[in-house]
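First the structure, in the form of structure tokens, and then the observations on it.
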Amino acid sequence: MDSQIAENFRRLLSEAKGRNIAVAGHMRPDGDCVSSALSMFEILQAAGANVKCLNKNEVPHLYKNLAQFEFESTETFDPKGWDILLVDCSDLSRVSPALKEKLGDVYACIDHHESGTSNAKIMCIDKSAGATAEIIALCATEVGAKISRRAANLLFMGIATDTRQFTTSSTRQESFEAARRLVRLGADPNAVAQELYQRERAQKMALLSVYLGTLKRLCQGRVCVGFLRRADFEKTGAQKEDTDGLVDFARSIDGVEIAALLEELEDGSVKGSLRGRTPEYSVNKIAEYFGGGGHLAAAGFTAKNQTFDTILPKFEELCRKSLDRDL
Ligand code: 5GP
Ligand code: MN
């Protein structure tokens with residue numbers, strides 16, 4: 001990892017004493033986002049800051065036991081007197097469009113996404129990191145910050161989820177090095193795995209079953225897309241957070257190179273979740289066309305005033321270009 005990133009992290013901690021810092025992650029937080037926000041809460045508090053953790057949504061079910069913590073809502077938060085640290089995203093519009101309206105500058109940013117621009121004063125950005133939690137684990141151990149057993153477990157969880165158990169194309173030597181240091185600090189991989197992979201809600205499995213039933217192949221079968229409508233959530237009792245990970249099942253099918261989950265939202269927009277078999281397909285560029293972004297092999301968007309029918313023709317065209325490496 002670039003030594004400048006650890007230097008910037010050191011500066012973040014050295015300026016923390018007496019400062020009010022609100023740690024904010026992206027909407028619909030995933031494991032990496034929860035892990036990054038809550039571990040930075042502990043690390044900044046230990047460095048003498050007054051800290052809050054914000055999110056538009058709640059801590060998802062699977063991460064609740066490891067987190068033992070709830071977020072304060074971005075929607076009711078009054079930013080006056082608070083400096084913002086963005087984690088696992090580089091743009092306030094990913095945190096809360098309402099909060100973006102109220103805020104000027106962002107104080108600091110820790111992120112690993114390909115898309116997004118940050119104008120933060122202190123930046124710890126490493127686009128080749130497997131997870132934001134990986135950046136935090138490496139920097140915090142590098143500068144000698146104290147990491148509790150709870151934070152070590154959370155950080156391990158963040159790296160494990162974002163790298164799909166250390167198997168994504170973003171997994172690198174430093175991902176294992178960060179994990180090694182965390183286990184040394186008391187992280188328990190099996191205890192984390194029991195939380196992540198043996199506690200699924202039955203309602204989520206019912207939603208998965210609906211999703212699998214809608215799968216459709218495009219581009220000579222190389223693209224696989226499935227659909228979730230509002231009624232599917234009512235029918236199964238599933239919540240929004242239960243969509244997390246479903247698209248991976250579409251990608252897991254032999255012959256599928258790009259997979260998507262399109263979800264109808266109540267405000268008349270369509271949320272897309274995209275996965276590429278390899279980073280060469282740059283699915284972030286497909287997501288960017290619809291106003292989103294992400295990584296080369298995993299990206300997403302929320303397109304306003306759209307339906308599945310209005311999205312699909314352009315989506316198929318972009319997928320074809322992407323498969324031809326022409327995006
Ligand atoms: P997921 O499909 O799991 O929701 O997201 C996959 C990746 O794309 C994540 O890294 C996530 O941060 C990013 N992503 C998802 N939705 C959006 C979006 O609306 N805008 C941007 N910029 N990135 C997104
Ligand atoms: Mn992440």
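Following the order of the structure tokens, chains are lettered A, B, ..., residues in each are numbered from 1, and ligands are numbered from 1.
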Once you count only C-alpha atoms and all ligand atoms, what closest atom pair and distance in Å to one decimal does each residue of chain A within 10 Å of ligand 1 have, with rows by chain and rising residue number, as a tab-separated table?
residue	atom	partner	partner_atom_place_in_ligand_line	distance
A:Gly25	CA	ligand 1	12 (O)	9.8
A:His26	CA	ligand 1	12 (O)	7.3
A:Met27	CA	ligand 1	16 (N)	8.7
A:Arg28	CA	ligand 1	4 (O)	7.7
A:Pro29	CA	ligand 1	12 (O)	8.6
A:Asp30	CA	ligand 1	3 (O)	7.3
A:Gly31	CA	ligand 1	3 (O)	10.0
A:Asp32	CA	ligand 1	10 (O)	9.2
A:Cys33	CA	ligand 1	12 (O)	8.7
A:Asp88	CA	ligand 1	12 (O)	7.1
A:Cys89	CA	ligand 1	12 (O)	6.6
A:Ser90	CA	ligand 1	22 (N)	8.4
A:Asp91	CA	ligand 1	22 (N)	7.8
A:Ser93	CA	ligand 1	20 (N)	8.4
A:Arg94	CA	ligand 1	20 (N)	6.2
A:Val95	CA	ligand 1	20 (N)	9.9
A:Asp111	CA	ligand 1	12 (O)	9.9
A:His112	CA	ligand 1	10 (O)	8.5
A:His113	CA	ligand 1	10 (O)	6.4
A:Glu114	CA	ligand 1	10 (O)	8.7
A:Ser115	CA	ligand 1	22 (N)	5.9
A:Gly116	CA	ligand 1	22 (N)	6.1
A:Thr117	CA	ligand 1	22 (N)	9.7
A:Ala131	CA	ligand 1	10 (O)	9.1
A:Asp162	CA	ligand 1	10 (O)	8.1
A:Glu241	CA	ligand 1	4 (O)	9.6
A:Thr243	CA	ligand 1	4 (O)	8.4
A:Asp244	CA	ligand 1	3 (O)	6.0
A:Gly245	CA	ligand 1	3 (O)	6.6
A:Leu246	CA	ligand 1	3 (O)	9.0
A:Val247	CA	ligand 1	2 (O)	7.5
A:Asp248	CA	ligand 1	2 (O)	9.2
A:Ala260	CA	ligand 1	2 (O)	8.4
A:Leu261	CA	ligand 1	2 (O)	8.0
A:Leu262	CA	ligand 1	2 (O)	9.9
A:Lys271	CA	ligand 1	19 (O)	7.5
A:Gly272	CA	ligand 1	2 (O)	6.9
A:Ser273	CA	ligand 1	2 (O)	3.7
A:Leu274	CA	ligand 1	2 (O)	5.6
A:Arg275	CA	ligand 1	2 (O)	7.3
A:Val283	CA	ligand 1	8 (O)	9.2
A:Asn284	CA	ligand 1	8 (O)	7.4
A:Ala287	CA	ligand 1	20 (N)	7.4
A:Glu288	CA	ligand 1	22 (N)	7.3
A:Phe290	CA	ligand 1	19 (O)	8.7
A:Gly291	CA	ligand 1	20 (N)	6.8
A:Gly292	CA	ligand 1	20 (N)	3.5
A:Gly293	CA	ligand 1	22 (N)	3.5
A:Gly294	CA	ligand 1	8 (O)	3.8
A:His295	CA	ligand 1	10 (O)	5.8
A:Leu296	CA	ligand 1	7 (C)	9.0
A:Ala297	CA	ligand 1	7 (C)	8.3
A:Ala298	CA	ligand 1	6 (C)	4.6
A:Ala299	CA	ligand 1	8 (O)	3.2
A:Gly300	CA	ligand 1	16 (N)	3.4
A:Phe301	CA	ligand 1	19 (O)	3.5
A:Thr302	CA	ligand 1	19 (O)	5.0
A:Ala303	CA	ligand 1	19 (O)	8.2
Just the residues within 12 Å of range 2-13 of chain A, please, counting only C-alpha atoms, with nothing from its chain fewer than 5 positions along; format it as number ranges by chain.
A: 18-19, 21, 40-49, 83-85, 107-112, 120-129, 135-146, 174
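Of the residues in range 117-297 of chain A, those given strand (DSSP E or B) by DSSP on the backbone are Ile122, Met123, Cys124, Ile125, Lys216, Arg217, Leu218, Val223, Cys224, Val225, Gly226, Phe227, Leu228, Ile258, Ala259, Ala260, Leu261, Leu262, Glu263, Glu264, Val270, Lys271, Gly272, Ser273, Leu274, Arg275, Gly276, Gly293 and Gly294 of chain A.
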